[in-house]
file structure-v1.pdb (PDB, C-alpha atoms, pLDDT in the B column)
ATOM      1  CA  MET I  12      20.107 -13.169-102.556  1.00 83.00           C
ATOM      2  CA  LYS I  13      22.363 -10.203-101.844  1.00 91.00           C
ATOM      3  CA  LEU I  14      20.758  -6.917-100.810  1.00 94.00           C
ATOM      4  CA  LYS I  15      22.373  -3.504-100.652  1.00 97.00           C
ATOM      5  CA  VAL I  16      20.801  -1.506 -97.814  1.00 97.00           C
ATOM      6  CA  MET I  17      21.185   2.216 -97.137  1.00 97.00           C
ATOM      7  CA  SER I  18      20.145   4.232 -94.106  1.00 95.00           C
ATOM      8  CA  PHE I  19      19.607   7.893 -94.871  1.00 90.00           C
ATOM      9  CA  ASN I  20      18.942  10.544 -92.229  1.00 91.00           C
ATOM     10  CA  LEU I  21      17.338  13.351 -94.201  1.00 91.00           C
ATOM     11  CA  ARG I  22      17.477  15.692 -91.193  1.00 86.00           C
ATOM     12  CA  PHE I  23      14.230  17.522 -90.606  1.00 75.00           C
ATOM     13  CA  SER I  24      14.516  20.842 -92.425  1.00 75.00           C
ATOM     14  CA  VAL I  25      14.418  24.111 -90.502  1.00 79.00           C
ATOM     15  CA  SER I  26      15.011  27.615 -91.826  1.00 78.00           C
ATOM     16  CA  SER I  27      18.010  28.118 -89.532  1.00 86.00           C
ATOM     17  CA  ASP I  28      19.858  25.441 -91.557  1.00 85.00           C
ATOM     18  CA  GLY I  29      20.496  28.024 -94.276  1.00 84.00           C
ATOM     19  CA  ILE I  30      22.417  26.459 -97.167  1.00 83.00           C
ATOM     20  CA  ASN I  31      22.250  23.100 -95.374  1.00 85.00           C
ATOM     21  CA  SER I  32      18.445  23.003 -95.529  1.00 87.00           C
ATOM     22  CA  PHE I  33      16.847  20.088 -97.332  1.00 89.00           C
ATOM     23  CA  ASP I  34      16.287  22.203-100.448  1.00 88.00           C
ATOM     24  CA  GLY I  35      20.048  22.756-100.554  1.00 87.00           C
ATOM     25  CA  ARG I  36      20.802  19.042-100.073  1.00 89.00           C
ATOM     26  CA  LYS I  37      18.064  17.237-101.967  1.00 92.00           C
ATOM     27  CA  ASN I  38      19.879  16.950-105.292  1.00 93.00           C
ATOM     28  CA  ARG I  39      22.823  15.368-103.513  1.00 93.00           C
ATOM     29  CA  VAL I  40      20.432  12.922-101.840  1.00 94.00           C
ATOM     30  CA  LYS I  41      19.114  11.900-105.262  1.00 96.00           C
ATOM     31  CA  GLU I  42      22.615  11.656-106.760  1.00 96.00           C
ATOM     32  CA  THR I  43      23.793   9.456-103.879  1.00 96.00           C
ATOM     33  CA  ILE I  44      20.852   7.086-104.299  1.00 96.00           C
ATOM     34  CA  ILE I  45      21.372   6.869-108.059  1.00 95.00           C
ATOM     35  CA  TYR I  46      25.125   6.283-107.641  1.00 97.00           C
ATOM     36  CA  GLU I  47      24.880   3.703-104.832  1.00 96.00           C
ATOM     37  CA  LYS I  48      21.858   1.825-106.272  1.00 96.00           C
ATOM     38  CA  PRO I  49      20.663   0.391-102.959  1.00 97.00           C
ATOM     39  CA  ASP I  50      17.927  -2.249-102.937  1.00 98.00           C
ATOM     40  CA  VAL I  51      16.378  -0.929 -99.729  1.00 98.00           C
ATOM     41  CA  ILE I  52      16.635   2.550 -98.180  1.00 98.00           C
ATOM     42  CA  GLY I  53      15.539   3.531 -94.695  1.00 97.00           C
ATOM     43  CA  PHE I  54      14.828   7.272 -94.437  1.00 96.00           C
ATOM     44  CA  GLN I  55      14.865   8.983 -91.046  1.00 94.00           C
ATOM     45  CA  GLU I  56      13.274  12.342 -90.259  1.00 92.00           C
ATOM     46  CA  ALA I  57      11.346  12.424 -93.545  1.00 94.00           C
ATOM     47  CA  SER I  58       8.629  15.085 -93.595  1.00 93.00           C
ATOM     48  CA  ASP I  59       5.598  14.876 -95.882  1.00 94.00           C
ATOM     49  CA  GLY I  60       7.228  17.354 -98.268  1.00 93.00           C
ATOM     50  CA  MET I  61      10.482  15.396 -98.375  1.00 94.00           C
ATOM     51  CA  THR I  62       8.573  12.183 -98.986  1.00 95.00           C
ATOM     52  CA  GLU I  63       6.626  13.701-101.860  1.00 95.00           C
ATOM     53  CA  TRP I  64       9.853  15.001-103.381  1.00 95.00           C
ATOM     54  CA  LEU I  65      11.501  11.574-102.990  1.00 95.00           C
ATOM     55  CA  LYS I  66       8.534   9.876-104.632  1.00 94.00           C
ATOM     56  CA  SER I  67       8.927  12.071-107.704  1.00 95.00           C
ATOM     57  CA  ALA I  68      12.744  11.996-107.714  1.00 95.00           C
ATOM     58  CA  ILE I  69      13.237   8.212-107.524  1.00 94.00           C
ATOM     59  CA  LYS I  70       9.827   6.849-108.551  1.00 90.00           C
ATOM     60  CA  SER I  71      11.116   5.139-111.662  1.00 91.00           C
ATOM     61  CA  LYS I  72      13.096   2.602-109.614  1.00 95.00           C
ATOM     62  CA  TYR I  73      11.713   2.729-106.064  1.00 97.00           C
ATOM     63  CA  GLU I  74       8.453   2.377-104.209  1.00 96.00           C
ATOM     64  CA  ILE I  75       8.241   4.348-100.941  1.00 96.00           C
ATOM     65  CA  VAL I  76       6.127   3.200 -98.004  1.00 96.00           C
ATOM     66  CA  GLY I  77       5.594   4.460 -94.469  1.00 94.00           C
ATOM     67  CA  THR I  78       3.708   7.145 -92.635  1.00 93.00           C
ATOM     68  CA  GLY I  79       4.300  10.085 -90.367  1.00 92.00           C
ATOM     69  CA  ARG I  80       4.078   9.884 -86.600  1.00 93.00           C
ATOM     70  CA  ASN I  81       0.996  12.088 -86.184  1.00 94.00           C
ATOM     71  CA  ALA I  82      -2.341  10.448 -85.330  1.00 94.00           C
ATOM     72  CA  ASP I  83      -3.526  11.073 -88.899  1.00 94.00           C
ATOM     73  CA  ARG I  84      -0.308   9.457 -90.210  1.00 93.00           C
ATOM     74  CA  THR I  85       1.119  12.730 -91.538  1.00 92.00           C
ATOM     75  CA  GLY I  86       4.239  14.593 -90.500  1.00 92.00           C
ATOM     76  CA  GLU I  87       7.823  13.610 -89.844  1.00 92.00           C
ATOM     77  CA  GLY I  88       8.569   9.919 -89.650  1.00 92.00           C
ATOM     78  CA  ALA I  89      10.487   6.988 -91.034  1.00 93.00           C
ATOM     79  CA  ARG I  90       9.951   5.788 -94.591  1.00 96.00           C
ATOM     80  CA  ILE I  91      11.247   2.778 -96.473  1.00 97.00           C
ATOM     81  CA  ALA I  92      12.043   2.693-100.189  1.00 97.00           C
ATOM     82  CA  TYR I  93      12.601  -0.530-102.044  1.00 97.00           C
ATOM     83  CA  ASN I  94      13.736  -1.374-105.534  1.00 96.00           C
ATOM     84  CA  LYS I  95      10.575  -2.327-107.460  1.00 93.00           C
ATOM     85  CA  LYS I  96      12.411  -5.010-109.436  1.00 91.00           C
ATOM     86  CA  LYS I  97      13.679  -6.863-106.387  1.00 86.00           C
TER      87      LYS I  97
END

call {"tool": "encode", "arguments": {"input": "structure-v1.pdb", "output": "structure tokens"}}
result
Amino acid sequence: MKLKVMSFNLRFSVSSDGINSFDGRKNRVKETIIYEKPDVIGFQEASDGMTEWLKSAIKSKYEIVGTGRNADRTGEGARIAYNKKK
């Protein structure tokens, strides 16, 4: 079985990023995923808000798993998305 794997550093969003903040980049993230059609995606620096957005943006094709690094499993961390059909 062939798998297409993508690693995606979402870059934790801070206000000083200006136009390069996650809100300014998130549509391009979605477009890249849709265009590349990876089977598995590893997301780095994904905050809870980014993860929730990803879940709604790509939920039709991908399941997202993983937790944040805080003791209560919230916050920034690594997440994995996988193609539900594979």

call {"tool": "closest_residue", "arguments": {"input": "structure-v1.pdb", "among": "I:Lys15, I:Lys97, I:Arg22, I:Arg36", "to": "Phe54 of chain I", "atoms": "only C-alpha atoms"}}
result
I:Arg22

call {"tool": "closest_residue", "arguments": {"input": "structure-v1.pdb", "among": "I:Met12, I:Ile69, I:Ile52, I:Met17", "to": "Lys37 of chain I", "atoms": "only C-alpha atoms"}}
result
I:Ile69

call {"tool": "residues_near_point", "arguments": {"input": "structure-v1.pdb", "point": "(18.8, -4.4, -106.4)", "cutoff": "8 Å", "atoms": "all atoms listed in the file", "output": "list in words"}}
result
Leu14, Lys15, Lys48, Pro49, Asp50, Val51, Asn94, Lys96 and Lys97 of chain I

call {"tool": "resolve_selection", "arguments": {"input": "structure-v1.pdb", "expression": "the PyMOL selection byres ((chain I and resi 23) around 10)", "output": "VMD selection string"}}
result
chain I and resid 20 to 22 24 to 25 28 32 to 33 55 to 58 61 87 to 88

call {"tool": "closest_residue", "arguments": {"input": "structure-v1.pdb", "among": "I:Asp34, I:Gly79, I:Trp64, I:Gly53", "to": "Tyr93 of chain I", "atoms": "all atoms listed in the file"}}
result
I:Gly53

call {"tool": "atom_distance", "arguments": {"input": "structure-v1.pdb", "atom1": "atom CA of Asp59 of chain I", "atom2": "atom CA of Lys41 of chain I"}}
result
16.7 Å

call {"tool": "closest_residue", "arguments": {"input": "structure-v1.pdb", "among": "I:Arg39, I:Ile45, I:Thr85, I:Lys95", "to": "Glu63 of chain I", "atoms": "only C-alpha atoms"}}
result
I:Thr85

call {"tool": "axis_aligned_box", "arguments": {"input": "structure-v1.pdb", "around": "segment 27-45 of chain I", "padding_each_side": "3 Å", "output": "lines of an AutoDock Vina configuration file"}}
result
center_x = 20.0
center_y = 17.5
center_z = -98.8
size_x = 13.5
size_y = 27.2
size_z = 24.5

call {"tool": "closest_residue", "arguments": {"input": "structure-v1.pdb", "among": "I:Ser27, I:Lys13, I:Lys70, I:Thr62", "to": "Arg90 of chain I", "atoms": "all atoms listed in the file"}}
result
I:Thr62

call {"tool": "atom_distance", "arguments": {"input": "structure-v1.pdb", "atom1": "atom CA of Val16 of chain I", "atom2": "atom CA of Ala68 of chain I"}}
result
18.6 Å

call {"tool": "atom_distance", "arguments": {"input": "structure-v1.pdb", "atom1": "atom CA of Ser18 of chain I", "atom2": "atom CA of Ser67 of chain I"}}
result
19.3 Å

call {"tool": "decode", "arguments": {"input": "structure-v1.pdb", "residues": "segment 48-64 of chain I", "atoms": "all heavy atoms", "output": "JSON list (two decimals), in the first residue's frame"}}
result
[["chain", "number", "residue", "atom", "x", "y", "z"],
["I", 48, "LYS", "N", -3.91, 16.05, -1.23],
["I", 48, "LYS", "CA", -4.62, 14.82, -0.88],
["I", 48, "LYS", "C", -3.75, 13.81, -0.13],
["I", 48, "LYS", "O", -3.67, 12.63, -0.51],
["I", 48, "LYS", "CB", -5.21, 14.16, -2.13],
["I", 48, "LYS", "CG", -6.22, 15.00, -2.86],
["I", 48, "LYS", "CD", -6.72, 14.26, -4.10],
["I", 48, "LYS", "CE", -7.67, 15.09, -4.91],
["I", 48, "LYS", "NZ", -7.06, 16.04, -5.80],
["I", 49, "PRO", "N", -3.10, 14.24, 0.95],
["I", 49, "PRO", "CA", -2.28, 13.28, 1.69],
["I", 49, "PRO", "C", -3.16, 12.26, 2.42],
["I", 49, "PRO", "O", -4.33, 12.52, 2.71],
["I", 49, "PRO", "CB", -1.53, 14.15, 2.69],
["I", 49, "PRO", "CG", -2.44, 15.31, 2.92],
["I", 49, "PRO", "CD", -3.11, 15.55, 1.59],
["I", 50, "ASP", "N", -2.58, 11.09, 2.70],
["I", 50, "ASP", "CA", -3.29, 10.07, 3.46],
["I", 50, "ASP", "C", -3.14, 10.31, 4.96],
["I", 50, "ASP", "O", -4.05, 10.02, 5.73],
["I", 50, "ASP", "CB", -2.75, 8.68, 3.12],
["I", 50, "ASP", "CG", -2.94, 8.36, 1.64],
["I", 50, "ASP", "OD1", -4.07, 8.54, 1.13],
["I", 50, "ASP", "OD2", -1.96, 7.97, 0.99],
["I", 51, "VAL", "N", -1.99, 10.82, 5.34],
["I", 51, "VAL", "CA", -1.68, 11.11, 6.74],
["I", 51, "VAL", "C", -1.03, 12.48, 6.82],
["I", 51, "VAL", "O", -0.17, 12.81, 5.99],
["I", 51, "VAL", "CB", -0.73, 10.05, 7.35],
["I", 51, "VAL", "CG1", -0.39, 10.37, 8.79],
["I", 51, "VAL", "CG2", -1.32, 8.66, 7.23],
["I", 52, "ILE", "N", -1.43, 13.28, 7.81],
["I", 52, "ILE", "CA", -0.84, 14.61, 8.00],
["I", 52, "ILE", "C", -0.41, 14.74, 9.46],
["I", 52, "ILE", "O", -1.21, 14.50, 10.36],
["I", 52, "ILE", "CB", -1.84, 15.75, 7.69],
["I", 52, "ILE", "CG1", -2.53, 15.54, 6.36],
["I", 52, "ILE", "CG2", -1.14, 17.11, 7.75],
["I", 52, "ILE", "CD1", -3.79, 16.38, 6.17],
["I", 53, "GLY", "N", 0.82, 15.14, 9.67],
["I", 53, "GLY", "CA", 1.30, 15.45, 11.01],
["I", 53, "GLY", "C", 1.33, 16.96, 11.17],
["I", 53, "GLY", "O", 1.99, 17.66, 10.41],
["I", 54, "PHE", "N", 0.56, 17.48, 12.13],
["I", 54, "PHE", "CA", 0.51, 18.92, 12.38],
["I", 54, "PHE", "C", 1.36, 19.26, 13.60],
["I", 54, "PHE", "O", 1.21, 18.66, 14.66],
["I", 54, "PHE", "CB", -0.93, 19.39, 12.65],
["I", 54, "PHE", "CG", -1.84, 19.27, 11.47],
["I", 54, "PHE", "CD1", -2.77, 18.26, 11.40],
["I", 54, "PHE", "CD2", -1.76, 20.18, 10.43],
["I", 54, "PHE", "CE1", -3.63, 18.15, 10.32],
["I", 54, "PHE", "CE2", -2.60, 20.08, 9.34],
["I", 54, "PHE", "CZ", -3.54, 19.06, 9.29],
["I", 55, "GLN", "N", 2.24, 20.23, 13.44],
["I", 55, "GLN", "CA", 3.06, 20.73, 14.55],
["I", 55, "GLN", "C", 2.53, 22.08, 14.99],
["I", 55, "GLN", "O", 2.00, 22.84, 14.20],
["I", 55, "GLN", "CB", 4.51, 20.88, 14.10],
["I", 55, "GLN", "CG", 5.13, 19.61, 13.60],
["I", 55, "GLN", "CD", 6.41, 19.88, 12.82],
["I", 55, "GLN", "OE1", 6.72, 21.00, 12.46],
["I", 55, "GLN", "NE2", 7.15, 18.83, 12.55],
["I", 56, "GLU", "N", 2.69, 22.37, 16.27],
["I", 56, "GLU", "CA", 2.30, 23.65, 16.86],
["I", 56, "GLU", "C", 0.82, 23.96, 16.67],
["I", 56, "GLU", "O", 0.43, 25.10, 16.45],
["I", 56, "GLU", "CB", 3.17, 24.79, 16.33],
["I", 56, "GLU", "CG", 4.63, 24.66, 16.67],
["I", 56, "GLU", "CD", 5.43, 25.89, 16.30],
["I", 56, "GLU", "OE1", 5.13, 26.98, 16.82],
["I", 56, "GLU", "OE2", 6.36, 25.74, 15.48],
["I", 57, "ALA", "N", -0.02, 22.95, 16.77],
["I", 57, "ALA", "CA", -1.46, 23.13, 16.60],
["I", 57, "ALA", "C", -2.10, 23.49, 17.94],
["I", 57, "ALA", "O", -2.05, 22.70, 18.88],
["I", 57, "ALA", "CB", -2.09, 21.86, 16.05],
["I", 58, "SER", "N", -2.69, 24.66, 18.03],
["I", 58, "SER", "CA", -3.40, 25.07, 19.24],
["I", 58, "SER", "C", -4.80, 24.45, 19.22],
["I", 58, "SER", "O", -5.23, 23.89, 18.21],
["I", 58, "SER", "CB", -3.52, 26.59, 19.30],
["I", 58, "SER", "OG", -4.40, 27.05, 18.29],
["I", 59, "ASP", "N", -5.51, 24.57, 20.33],
["I", 59, "ASP", "CA", -6.88, 24.06, 20.38],
["I", 59, "ASP", "C", -7.75, 24.72, 19.32],
["I", 59, "ASP", "O", -8.54, 24.05, 18.65],
["I", 59, "ASP", "CB", -7.49, 24.29, 21.77],
["I", 59, "ASP", "CG", -6.80, 23.47, 22.85],
["I", 59, "ASP", "OD1", -6.23, 22.40, 22.54],
["I", 59, "ASP", "OD2", -6.84, 23.90, 24.02],
["I", 60, "GLY", "N", -7.61, 26.03, 19.16],
["I", 60, "GLY", "CA", -8.40, 26.75, 18.16],
["I", 60, "GLY", "C", -8.08, 26.30, 16.75],
["I", 60, "GLY", "O", -8.99, 26.13, 15.91],
["I", 61, "MET", "N", -6.81, 26.10, 16.45],
["I", 61, "MET", "CA", -6.42, 25.62, 15.12],
["I", 61, "MET", "C", -6.98, 24.23, 14.88],
["I", 61, "MET", "O", -7.47, 23.93, 13.78],
["I", 61, "MET", "CB", -4.90, 25.57, 15.01],
["I", 61, "MET", "CG", -4.22, 26.89, 14.95],
["I", 61, "MET", "SD", -2.43, 26.61, 14.99],
["I", 61, "MET", "CE", -1.84, 28.29, 15.03],
["I", 62, "THR", "N", -6.91, 23.39, 15.90],
["I", 62, "THR", "CA", -7.42, 22.02, 15.77],
["I", 62, "THR", "C", -8.91, 22.02, 15.51],
["I", 62, "THR", "O", -9.40, 21.27, 14.65],
["I", 62, "THR", "CB", -7.07, 21.20, 17.02],
["I", 62, "THR", "OG1", -5.64, 21.20, 17.20],
["I", 62, "THR", "CG2", -7.55, 19.77, 16.89],
["I", 63, "GLU", "N", -9.64, 22.83, 16.23],
["I", 63, "GLU", "CA", -11.09, 22.92, 16.00],
["I", 63, "GLU", "C", -11.39, 23.40, 14.59],
["I", 63, "GLU", "O", -12.30, 22.89, 13.93],
["I", 63, "GLU", "CB", -11.75, 23.81, 17.05],
["I", 63, "GLU", "CG", -11.79, 23.20, 18.43],
["I", 63, "GLU", "CD", -12.40, 21.80, 18.46],
["I", 63, "GLU", "OE1", -13.50, 21.61, 17.89],
["I", 63, "GLU", "OE2", -11.76, 20.89, 19.02],
["I", 64, "TRP", "N", -10.63, 24.39, 14.13],
["I", 64, "TRP", "CA", -10.84, 24.88, 12.76],
["I", 64, "TRP", "C", -10.54, 23.77, 11.76],
["I", 64, "TRP", "O", -11.30, 23.55, 10.81],
["I", 64, "TRP", "CB", -9.96, 26.10, 12.48],
["I", 64, "TRP", "CG", -10.12, 26.55, 11.07],
["I", 64, "TRP", "CD1", -11.11, 27.33, 10.56],
["I", 64, "TRP", "CD2", -9.30, 26.17, 9.96],
["I", 64, "TRP", "NE1", -10.95, 27.47, 9.20],
["I", 64, "TRP", "CE2", -9.84, 26.77, 8.81],
["I", 64, "TRP", "CE3", -8.15, 25.41, 9.83],
["I", 64, "TRP", "CZ2", -9.28, 26.62, 7.56],
["I", 64, "TRP", "CZ3", -7.60, 25.25, 8.57],
["I", 64, "TRP", "CH2", -8.16, 25.86, 7.45]]
